[in-house]
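Novice: Dropping in start-v1.txt, which is compact mmCIF, C-alpha atoms:
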# COMPACT_ATOMS: atom_id res chain seq x y z
CA MET A 1 -69.48 22.21 135.03
CA VAL A 2 -69.50 25.41 132.99
CA ALA A 3 -71.36 26.28 129.83
CA ALA A 4 -69.53 26.20 126.52
CA PRO A 5 -68.25 29.58 125.31
CA MET A 6 -70.17 31.55 122.72
CA ALA A 7 -69.02 31.03 119.15
CA VAL A 8 -66.31 33.46 118.02
CA HIS A 9 -66.21 34.79 114.46
CA ALA A 10 -62.82 35.38 112.87
CA ASP A 11 -62.12 38.72 111.22
CA GLU A 12 -61.93 38.47 107.44
CA GLY A 13 -61.88 34.67 107.58
CA GLU A 14 -58.51 34.39 109.32
CA THR A 15 -58.04 31.08 111.11
CA TYR A 16 -55.39 29.78 113.50
CA ASP A 17 -53.89 26.32 113.93
CA VAL A 18 -53.65 25.23 117.57
CA CYS A 19 -52.24 21.96 118.94
CA PHE A 20 -53.10 20.39 122.28
CA VAL A 21 -50.42 17.95 123.44
CA ALA A 22 -52.03 15.68 126.04
CA ARG A 23 -49.92 13.61 128.38
CA ALA A 24 -51.63 10.26 127.63
CA SER A 25 -54.66 8.86 125.87
CA ALA A 26 -55.15 6.06 128.43
CA ASP A 27 -55.29 8.49 131.35
CA THR A 28 -58.98 9.04 132.25
CA PHE A 29 -58.58 12.72 133.06
CA ALA A 30 -56.32 13.45 130.09
CA ALA A 31 -58.89 11.78 127.82
CA TRP A 32 -61.68 13.85 129.39
CA LEU A 33 -59.61 17.00 128.92
CA THR A 34 -58.85 16.13 125.28
CA ASP A 35 -62.53 15.56 124.54
CA SER A 36 -63.39 18.82 126.31
CA MET A 37 -60.75 20.71 124.31
CA GLN A 38 -62.27 19.45 121.08
CA LYS A 39 -65.77 20.49 122.15
CA ALA A 40 -64.56 23.91 123.31
CA ALA A 41 -62.60 24.55 120.11
CA ALA A 42 -65.65 23.69 118.01
CA GLU A 43 -67.28 26.87 119.32
CA TYR A 44 -64.56 29.02 117.71
CA ASP A 45 -64.72 29.23 113.94
CA ASN A 46 -61.27 30.85 113.85
CA ILE A 47 -59.49 27.97 115.62
CA ASN A 48 -58.49 24.65 114.05
CA LEU A 49 -57.50 22.34 116.90
CA THR A 50 -55.29 19.28 116.56
CA CYS A 51 -54.97 16.94 119.56
CA VAL A 52 -52.02 14.57 120.00
CA SER A 53 -50.86 12.39 122.89
CA GLY A 54 -47.49 11.82 124.50
CA GLU A 55 -48.72 8.42 125.74
CA ALA A 56 -47.17 9.01 129.20
CA ASP A 57 -43.73 8.66 127.58
CA ASP A 58 -41.22 11.51 127.83
CA ASN A 59 -39.58 10.62 124.52
CA GLU A 60 -42.93 10.67 122.76
CA MET A 61 -43.79 13.96 124.46
CA ALA A 62 -40.52 15.41 123.14
CA THR A 63 -41.32 14.20 119.64
CA GLN A 64 -44.79 15.72 119.72
CA LEU A 65 -43.54 19.07 121.02
CA GLU A 66 -40.78 19.23 118.42
CA ASN A 67 -43.36 18.39 115.74
CA CYS A 68 -45.31 21.46 116.84
CA ILE A 69 -42.35 23.60 115.82
CA THR A 70 -41.91 21.78 112.52
CA LYS A 71 -45.61 22.17 111.71
CA GLU A 72 -45.51 25.83 112.72
CA TYR A 73 -48.61 25.89 114.89
CA ASP A 74 -49.88 29.31 115.81
CA LEU A 75 -50.28 28.33 119.48
CA VAL A 76 -49.61 25.19 121.51
CA ILE A 77 -51.29 23.99 124.71
CA VAL A 78 -49.14 21.54 126.70
CA GLN A 79 -50.22 19.08 129.38
CA SER A 80 -46.88 17.79 130.68
CA ASN A 81 -46.32 14.25 131.85
CA ASN A 82 -43.04 15.11 133.62
CA ASN A 83 -42.53 18.82 134.15
CA ALA A 84 -38.74 18.81 134.15
CA ALA A 85 -38.50 16.54 131.12
CA GLN A 86 -40.91 18.63 129.04
CA ALA A 87 -39.71 22.08 130.16
CA PRO A 88 -36.77 22.32 127.68
CA TYR A 89 -39.10 21.50 124.79
CA VAL A 90 -41.65 24.04 125.98
CA LYS A 91 -38.82 26.59 125.94
CA GLU A 92 -37.94 25.54 122.38
CA LEU A 93 -41.51 26.39 121.38
CA VAL A 94 -41.22 29.78 123.07
CA ASP A 95 -37.85 30.43 121.42
CA ALA A 96 -39.42 29.56 118.07
CA GLY A 97 -41.92 32.36 118.60
CA ILE A 98 -44.91 30.07 119.24
CA PRO A 99 -47.19 31.13 122.12
CA VAL A 100 -47.53 28.35 124.72
CA ILE A 101 -50.15 27.79 127.41
CA THR A 102 -49.27 25.02 129.86
CA THR A 103 -52.17 23.34 131.59
CA ASN A 104 -52.83 20.63 134.16
CA PRO A 105 -50.03 21.01 135.21
CA THR A 106 -48.39 24.42 134.90
CA THR A 107 -44.78 24.33 133.70
CA HIS A 108 -42.69 26.47 136.05
CA GLN A 109 -39.36 28.24 135.60
CA CYS A 110 -37.89 25.98 138.27
CA ASP A 111 -38.72 22.96 136.07
CA LEU A 112 -36.40 24.33 133.42
CA ASP A 113 -33.75 25.44 135.89
CA GLY A 114 -33.58 21.99 137.50
CA GLU A 115 -34.66 23.17 140.93
CA THR A 116 -36.69 20.79 143.09
CA GLY A 117 -38.03 20.63 146.61
CA ASP A 118 -36.84 23.43 148.86
CA GLU A 119 -34.64 24.77 146.05
CA ALA A 120 -37.71 25.63 143.99
CA VAL A 121 -38.48 28.78 145.90
CA ASP A 122 -39.66 30.62 142.79
CA ASN A 123 -42.95 29.11 141.66
CA ALA A 124 -43.17 31.44 138.65
CA VAL A 125 -44.61 30.20 135.37
CA LEU A 126 -41.95 29.34 132.77
CA ALA A 127 -40.78 32.57 131.15
CA GLY A 128 -42.69 33.42 128.00
CA THR A 129 -45.66 31.14 128.70
CA GLY A 130 -49.11 31.35 130.23
CA THR A 131 -51.09 28.83 132.24
CA VAL A 132 -54.58 27.53 132.96
CA ASP A 133 -54.58 25.10 135.85
CA ALA A 134 -56.02 23.99 139.18
CA ASP A 135 -54.28 24.10 142.56
CA PRO A 136 -53.15 20.53 143.36
CA VAL A 137 -52.66 21.35 147.04
CA GLU A 138 -56.23 22.60 147.31
CA GLN A 139 -57.46 19.52 145.45
CA ALA A 140 -55.74 16.98 147.69
CA SER A 141 -56.51 18.89 150.88
CA ARG A 142 -60.23 18.17 150.40
CA GLY A 143 -59.80 14.47 151.03
CA ALA A 144 -56.95 14.87 153.50
CA LEU A 145 -58.96 17.10 155.82
CA ARG A 146 -61.83 14.60 155.81
CA ALA A 147 -59.48 11.71 156.40
CA VAL A 148 -58.11 13.29 159.60
CA GLU A 149 -61.54 12.72 161.13
CA GLU A 150 -62.61 9.58 159.27
CA VAL A 151 -59.60 7.26 159.20
CA PRO A 152 -59.62 4.97 162.26
CA GLU A 153 -56.94 5.15 164.93
CA ASN A 154 -53.72 3.26 164.18
CA ALA A 155 -54.92 2.63 160.64
CA ASN A 156 -52.87 1.00 157.91
CA VAL A 157 -53.06 2.92 154.64
CA VAL A 158 -51.65 2.66 151.13
CA VAL A 159 -50.67 5.57 148.92
CA LEU A 160 -50.92 5.62 145.12
CA ARG A 161 -48.81 8.30 143.48
CA GLY A 162 -48.90 9.94 140.06
CA PRO A 163 -45.85 10.14 137.78
CA SER A 164 -42.57 11.14 139.38
CA GLY A 165 -41.72 14.71 138.40
CA ASN A 166 -45.31 15.66 137.60
CA TYR A 167 -46.23 18.89 139.40
CA HIS A 168 -49.76 17.84 140.31
CA ALA A 169 -48.64 14.41 141.47
CA GLU A 170 -45.92 15.80 143.73
CA LYS A 171 -47.97 18.67 145.17
CA ARG A 172 -50.97 16.46 145.92
CA ARG A 173 -48.69 14.08 147.80
CA GLU A 174 -47.17 17.00 149.73
CA ALA A 175 -50.68 18.15 150.65
CA TRP A 176 -51.42 14.77 152.21
CA ASP A 177 -48.29 15.15 154.35
CA THR A 178 -49.34 18.65 155.41
CA TYR A 179 -53.03 18.09 156.07
CA PHE A 180 -53.19 14.43 157.09
CA PHE A 181 -50.01 12.58 157.98
CA SER A 182 -48.61 15.41 160.11
CA GLU A 183 -51.92 15.46 162.03
CA ARG A 184 -52.21 11.66 162.36
CA PRO A 185 -48.85 10.21 163.43
CA ASP A 186 -50.69 7.07 164.56
CA VAL A 187 -51.39 6.14 160.92
CA LYS A 188 -48.97 3.75 159.24
CA ILE A 189 -48.21 3.85 155.52
CA LEU A 190 -48.23 0.14 154.80
CA TYR A 191 -47.29 0.50 151.13
CA GLU A 192 -46.66 3.40 148.75
CA ASP A 193 -45.78 3.34 145.05
CA TYR A 194 -46.15 5.10 141.72
CA ALA A 195 -49.09 4.00 139.59
CA ASN A 196 -48.62 6.91 137.16
CA TRP A 197 -52.30 7.94 137.07
CA ASN A 198 -53.01 4.49 135.59
CA ASN A 199 -55.93 2.23 136.55
CA ASP A 200 -54.23 -1.04 135.59
CA GLU A 201 -51.01 -0.22 137.44
CA ALA A 202 -52.96 0.63 140.57
CA LEU A 203 -54.98 -2.57 140.33
CA ALA A 204 -51.80 -4.65 140.07
CA LEU A 205 -50.21 -2.89 143.05
CA MET A 206 -53.31 -3.33 145.18
CA GLU A 207 -53.55 -7.03 144.33
CA THR A 208 -49.97 -7.48 145.53
CA TRP A 209 -50.45 -5.40 148.67
CA VAL A 210 -53.57 -7.30 149.72
CA GLN A 211 -51.63 -10.55 149.48
CA GLY A 212 -49.43 -9.26 152.31
CA GLY A 213 -52.24 -10.20 154.68
CA THR A 214 -52.50 -6.94 156.67
CA HIS A 215 -55.88 -5.26 156.32
CA ILE A 216 -55.74 -1.93 154.49
CA ASP A 217 -57.98 0.62 156.18
CA ALA A 218 -57.71 3.38 153.60
CA ILE A 219 -56.62 3.96 150.01
CA ILE A 220 -55.06 7.37 149.49
CA SER A 221 -54.84 8.04 145.78
CA MET A 222 -53.60 11.11 143.92
CA ASN A 223 -56.35 10.66 141.33
CA ASP A 224 -59.66 8.87 140.81
CA ASN A 225 -58.36 6.58 138.08
CA MET A 226 -55.80 4.93 140.35
CA ALA A 227 -58.34 4.76 143.18
CA ALA A 228 -60.73 2.97 140.82
CA GLY A 229 -58.06 0.42 139.94
CA ALA A 230 -57.27 -0.26 143.59
CA ILE A 231 -60.97 -0.60 144.41
CA GLU A 232 -61.47 -3.03 141.53
CA ALA A 233 -58.74 -5.24 143.02
CA ILE A 234 -60.73 -5.69 146.25
CA ARG A 235 -64.31 -5.33 145.02
CA ASN A 236 -64.98 -9.09 145.32
CA ASN A 237 -62.90 -9.59 148.49
CA THR A 238 -65.27 -10.08 151.43
CA ASP A 239 -62.59 -8.76 153.81
CA TYR A 240 -63.08 -5.40 152.10
CA VAL A 241 -66.63 -5.40 150.72
CA ALA A 242 -69.42 -7.24 152.55
CA GLU A 243 -72.02 -9.25 150.64
CA ASP A 244 -74.47 -6.36 151.02
CA GLY A 245 -71.95 -4.01 149.38
CA THR A 246 -70.85 -2.26 152.58
CA PRO A 247 -67.13 -1.38 152.35
CA ASN A 248 -64.65 -2.12 155.11
CA PHE A 249 -62.22 0.54 153.94
CA LEU A 250 -62.06 4.23 152.99
CA ALA A 251 -60.78 5.64 149.69
CA TYR A 252 -59.89 9.15 148.57
CA GLY A 253 -59.19 10.47 145.07
CA VAL A 254 -58.92 13.66 143.01
CA ASP A 255 -60.51 14.71 139.70
CA GLY A 256 -64.22 14.16 140.22
CA THR A 257 -64.48 12.06 137.06
CA ALA A 258 -67.70 10.34 136.04
CA GLN A 259 -66.18 7.04 137.16
CA GLY A 260 -65.20 8.54 140.51
CA CYS A 261 -68.72 9.86 141.05
CA LEU A 262 -70.26 6.46 140.34
CA LEU A 263 -67.89 4.86 142.85
CA ILE A 264 -68.96 7.41 145.46
CA LYS A 265 -72.61 6.62 144.71
CA GLU A 266 -71.79 2.95 145.13
CA GLY A 267 -70.18 3.70 148.48
CA LEU A 268 -66.71 2.50 147.51
CA LEU A 269 -64.98 5.88 147.04
CA THR A 270 -65.28 8.13 150.08
CA ALA A 271 -64.58 11.50 148.50
CA THR A 272 -62.86 13.26 145.63
CA ALA A 273 -62.27 16.85 144.51
CA LEU A 274 -63.49 18.06 141.16
CA GLN A 275 -60.91 19.04 138.59
CA ASN A 276 -63.25 20.31 135.94
CA ALA A 277 -61.84 19.37 132.54
CA GLU A 278 -64.62 21.23 130.73
CA GLU A 279 -63.89 24.45 132.59
CA ILE A 280 -60.15 24.07 132.03
CA ALA A 281 -60.71 23.42 128.31
CA ASN A 282 -63.09 26.35 127.90
CA LEU A 283 -60.64 28.71 129.58
CA ASN A 284 -57.77 27.43 127.43
CA MET A 285 -59.71 28.10 124.25
CA GLU A 286 -60.94 31.49 125.45
CA TYR A 287 -57.41 32.63 126.22
CA ALA A 288 -55.96 31.01 123.10
CA GLU A 289 -58.35 33.04 120.96
CA LYS A 290 -57.50 36.24 122.80
CA VAL A 291 -53.76 35.63 122.41
CA LEU A 292 -54.06 34.73 118.73
CA THR A 293 -56.13 37.80 117.89
CA GLY A 294 -53.80 40.11 119.82
CA GLU A 295 -56.23 40.96 122.59
CA MET A 296 -53.72 39.83 125.23
CA ASP A 297 -50.17 38.52 125.52
CA VAL A 298 -49.72 34.85 126.37
CA THR A 299 -47.76 35.78 129.50
CA GLU A 300 -50.92 37.45 130.82
CA VAL A 301 -52.74 34.12 130.85
CA ASN A 302 -52.80 32.94 134.47
CA ASP A 303 -56.05 31.38 135.62
CA PHE A 304 -56.98 28.61 138.06
CA VAL A 305 -60.22 26.67 138.51
CA GLU A 306 -61.67 25.78 141.90
CA ALA A 307 -61.75 22.29 143.43
CA PRO A 308 -65.10 21.58 145.13
CA GLU A 309 -65.37 18.40 147.17
CA ILE A 310 -67.63 15.61 145.94
CA ASN A 311 -68.95 13.14 148.51
CA ALA A 312 -72.01 11.01 149.23
CA GLU A 313 -74.04 14.08 150.18
CA ASN A 314 -73.70 15.94 146.87
CA VAL A 315 -72.67 13.28 144.35
CA ASP A 316 -76.14 13.03 142.77
CA GLU A 317 -75.91 16.56 141.38
CA TYR A 318 -72.61 15.75 139.66
CA ILE A 319 -73.92 12.45 138.32
CA GLN A 320 -76.85 14.34 136.82
CA ILE A 321 -74.41 16.71 135.09
CA TYR A 322 -72.53 13.74 133.67
CA ILE A 323 -75.81 12.22 132.47
CA GLU A 324 -76.69 15.49 130.74
CA ASN A 325 -73.31 15.73 128.99
CA GLY A 326 -73.37 12.07 127.95
CA GLU A 327 -70.54 10.67 130.08
CA ILE A 328 -72.94 8.62 132.23
CA ALA A 329 -75.78 6.72 130.59
CA ALA A 330 -79.38 7.08 131.75
CA ASP A 331 -79.12 3.68 133.46
CA GLY A 332 -76.35 5.01 135.72
CA THR A 333 -73.40 3.30 134.04
CA LEU A 334 -70.42 4.84 132.28
CA ALA A 335 -71.28 5.69 128.71
CA GLU A 336 -69.45 3.74 126.03
Re-express the file's structure as structure tokens.
Specialist:
Amino acid sequence: MVAAPMAVHADEGETYDVCFVARASADTFAAWLTDSMQKAAAEYDNINLTCVSGEADDNEMATQLENCITKEYDLVIVQSNNNAAQAPYVKELVDAGIPVITTNPTTHQCDLDGETGDEAVDNAVLAGTGTVDADPVEQASRGALRAVEEVPENANVVVLRGPSGNYHAEKRREAWDTYFFSERPDVKILYEDYANWNNDEALALMETWVQGGTHIDAIISMNDNMAAGAIEAIRNNTDYVAEDGTPNFLAYGVDGTAQGCLLIKEGLLTATALQNAEEIANLNMEYAEKVLTGEMDVTEVNDFVEAPEINAENVDEYIQIYIENGEIAADGTLAE
């Protein structure tokens, strides 16, 4: 984690209204990012931050982004749910003269132009915007590279995907193809489906998949929240977790959330990669202030955080950080 930025004092009392449009309030990482944005903004006495949620619904996202124009925010930070669906509304903000930073994920020019897959050769940020993000390929490669060595021969695995059209969801899945499945042709994907970053959807899918009767050797999830849901579905199944708590499966996630770290400590999540919401939030606020005060143009904002691996060997240090920031209680449980 990174320290909060130093407080910034506005010249002559001038303040700026900024809106953060999160993709969903029920998404564990989006909620962490929203909370981190609020804490980061509190350190700037020239920024008034409003946080709203698109509730993982493209129509609601459109409404919230259009409201940002109506309310004439000085700057908007957008966390898209579906890149292509939100790109036209991000452009509307730009056309209205409102600076936009897209974050977790970046909105690209190809999202607006309707290019996908091999067509999307230009990975440039959407014209007129800036970005603060993490590299989803780097994130997913952490678990994938471990899995090459850890997943047993001829294993049956399941894959939990994020929302269709979401840049991070798609690129993390591509990374698993590049770094794991291409290296392990013996591995069979028993089931694969979209759980849309959602714990409950992943739990329901896993419950159905387990009923198929074939043992699942590994859960490959594009985020910790879905991995947690899948693990919850088999936590009390002795085919998967012995009475002494020893797991008979592997599980990989991304985000390094407090919940993910506790599952690693418990031995039920094998590894994850940290996507530091606090660092992302602090950078967003730092750049927002610089853009608003004229120190830099929004198109100059282009920064990415690193994705360190979290596993059984180093999880205690991350749990301690979460205890210190209040996300994990002193008794080792998730804080209410």
Novice: For Leu49 (chain A), which residue among A:Asn156, A:Ala242, A:Lys91, A:Asn284 is the nearest when counting only C-alpha atoms?
Specialist: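 Ranked by minimum distance to Leu49 (chain A), first place goes to A:Asn284.
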Novice: Which polymer residues have any atom within 12 Å of an atom of Glu279 (chain A), counting only C-alpha atoms, with same-chain residues fewer than 5 positions away left out, as number ranges by chain?
Specialist: A: 1-5, 32-33, 36-37, 39-40, 103-104, 132-134, 274, 284-286, 303-307
Novice: At a cut-off of 12 Å around the point (-37.2, 21.1, 124.6) (file coordinates), what residues fall inside when counting all atoms listed in the file? I'd like the answer as a list in words.
Specialist: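 Protein, DNA and RNA residues close to (-37.2, 21.1, 124.6): Asp58, Asn59, Met61, Ala62, Thr63, Gln64, Leu65, Glu66, Asn67, Cys68, Ile69, Ser80, Asn83, Ala84, Ala85, Gln86, Ala87, Pro88, Tyr89, Val90, Lys91, Glu92, Leu93, Val94, Asp95, Ala96, Asp111 and Leu112 of chain A.
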Novice: What is the CA of Asp200 (chain A)-CA of Val148 (chain A) distance in Å, reported with one decimal?
Specialist: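 For CA of Asp200 (chain A) relative to CA of Val148 (chain A), the distance reads 28.2 Å.
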Novice: Return the single residue from A:Ala31, A:Ile77, A:Ile231, A:Ala155 that is closest to Arg184 (chain A), with distances computed using all atoms listed in the file.
Specialist: A:Ala155
Novice: What would region 294-321 of chain A look like with N, CA and C atoms restored, written as an mmCIF file, in the frame of the given file?
Specialist:
data_model
loop_
_atom_site.group_PDB
_atom_site.id
_atom_site.type_symbol
_atom_site.label_atom_id
_atom_site.label_comp_id
_atom_site.auth_asym_id
_atom_site.auth_seq_id
_atom_site.Cartn_x
_atom_site.Cartn_y
_atom_site.Cartn_z
ATOM 1 N N GLY A 294 -54.514 38.943 119.329
ATOM 2 C CA GLY A 294 -53.800 40.110 119.820
ATOM 3 C C GLY A 294 -54.466 40.861 120.936
ATOM 4 N N GLU A 295 -55.532 40.291 121.501
ATOM 5 C CA GLU A 295 -56.230 40.960 122.590
ATOM 6 C C GLU A 295 -55.419 40.941 123.887
ATOM 7 N N MET A 296 -54.578 39.902 124.051
ATOM 8 C CA MET A 296 -53.720 39.830 125.230
ATOM 9 C C MET A 296 -52.459 39.053 124.893
ATOM 10 N N ASP A 297 -51.424 39.262 125.687
ATOM 11 C CA ASP A 297 -50.170 38.520 125.520
ATOM 12 C C ASP A 297 -50.281 37.199 126.255
ATOM 13 N N VAL A 298 -49.629 36.172 125.746
ATOM 14 C CA VAL A 298 -49.720 34.850 126.370
ATOM 15 C C VAL A 298 -49.240 34.864 127.815
ATOM 16 N N THR A 299 -48.287 35.730 128.127
ATOM 17 C CA THR A 299 -47.760 35.780 129.500
ATOM 18 C C THR A 299 -48.773 36.364 130.483
ATOM 19 N N GLU A 300 -49.855 36.939 129.957
ATOM 20 C CA GLU A 300 -50.920 37.450 130.820
ATOM 21 C C GLU A 300 -51.927 36.378 131.197
ATOM 22 N N VAL A 301 -51.817 35.213 130.570
ATOM 23 C CA VAL A 301 -52.740 34.120 130.850
ATOM 24 C C VAL A 301 -52.308 33.428 132.140
ATOM 25 N N ASN A 302 -53.118 33.549 133.172
ATOM 26 C CA ASN A 302 -52.800 32.940 134.470
ATOM 27 C C ASN A 302 -54.106 32.768 135.231
ATOM 28 N N ASP A 303 -54.723 31.599 135.062
ATOM 29 C CA ASP A 303 -56.050 31.380 135.620
ATOM 30 C C ASP A 303 -56.123 29.982 136.242
ATOM 31 N N PHE A 304 -56.869 29.874 137.327
ATOM 32 C CA PHE A 304 -56.980 28.610 138.060
ATOM 33 C C PHE A 304 -58.446 28.325 138.375
ATOM 34 N N VAL A 305 -58.851 27.077 138.190
ATOM 35 C CA VAL A 305 -60.220 26.670 138.510
ATOM 36 C C VAL A 305 -60.281 26.185 139.957
ATOM 37 N N GLU A 306 -61.479 26.210 140.521
ATOM 38 C CA GLU A 306 -61.670 25.780 141.900
ATOM 39 C C GLU A 306 -61.789 24.262 141.986
ATOM 40 N N ALA A 307 -61.739 23.731 143.220
ATOM 41 C CA ALA A 307 -61.750 22.290 143.430
ATOM 42 C C ALA A 307 -62.788 21.901 144.491
ATOM 43 N N PRO A 308 -64.077 21.957 144.149
ATOM 44 C CA PRO A 308 -65.100 21.580 145.130
ATOM 45 C C PRO A 308 -65.041 20.100 145.487
ATOM 46 N N GLU A 309 -65.353 19.799 146.725
ATOM 47 C CA GLU A 309 -65.370 18.400 147.170
ATOM 48 C C GLU A 309 -66.633 17.710 146.692
ATOM 49 N N ILE A 310 -66.487 16.456 146.296
ATOM 50 C CA ILE A 310 -67.630 15.610 145.940
ATOM 51 C C ILE A 310 -67.652 14.441 146.923
ATOM 52 N N ASN A 311 -68.794 14.226 147.549
ATOM 53 C CA ASN A 311 -68.950 13.140 148.510
ATOM 54 C C ASN A 311 -70.356 12.575 148.403
ATOM 55 N N ALA A 312 -70.712 11.679 149.300
ATOM 56 C CA ALA A 312 -72.010 11.010 149.230
ATOM 57 C C ALA A 312 -73.175 11.991 149.332
ATOM 58 N N GLU A 313 -72.957 13.128 149.978
ATOM 59 C CA GLU A 313 -74.040 14.080 150.180
ATOM 60 C C GLU A 313 -74.393 14.869 148.923
ATOM 61 N N ASN A 314 -73.422 15.099 148.051
ATOM 62 C CA ASN A 314 -73.700 15.940 146.870
ATOM 63 C C ASN A 314 -73.421 15.249 145.545
ATOM 64 N N VAL A 315 -73.084 13.955 145.580
ATOM 65 C CA VAL A 315 -72.670 13.280 144.350
ATOM 66 C C VAL A 315 -73.779 13.211 143.304
ATOM 67 N N ASP A 316 -75.040 13.164 143.729
ATOM 68 C CA ASP A 316 -76.140 13.030 142.770
ATOM 69 C C ASP A 316 -76.176 14.203 141.794
ATOM 70 N N GLU A 317 -75.863 15.410 142.271
ATOM 71 C CA GLU A 317 -75.910 16.560 141.380
ATOM 72 C C GLU A 317 -74.825 16.475 140.303
ATOM 73 N N TYR A 318 -73.679 15.898 140.654
ATOM 74 C CA TYR A 318 -72.610 15.750 139.660
ATOM 75 C C TYR A 318 -72.924 14.607 138.702
ATOM 76 N N ILE A 319 -73.514 13.541 139.209
ATOM 77 C CA ILE A 319 -73.920 12.450 138.320
ATOM 78 C C ILE A 319 -74.930 12.951 137.303
ATOM 79 N N GLN A 320 -75.859 13.793 137.738
ATOM 80 C CA GLN A 320 -76.850 14.340 136.820
ATOM 81 C C GLN A 320 -76.180 15.177 135.721
ATOM 82 N N ILE A 321 -75.156 15.930 136.090
ATOM 83 C CA ILE A 321 -74.410 16.710 135.090
ATOM 84 C C ILE A 321 -73.761 15.789 134.082
#
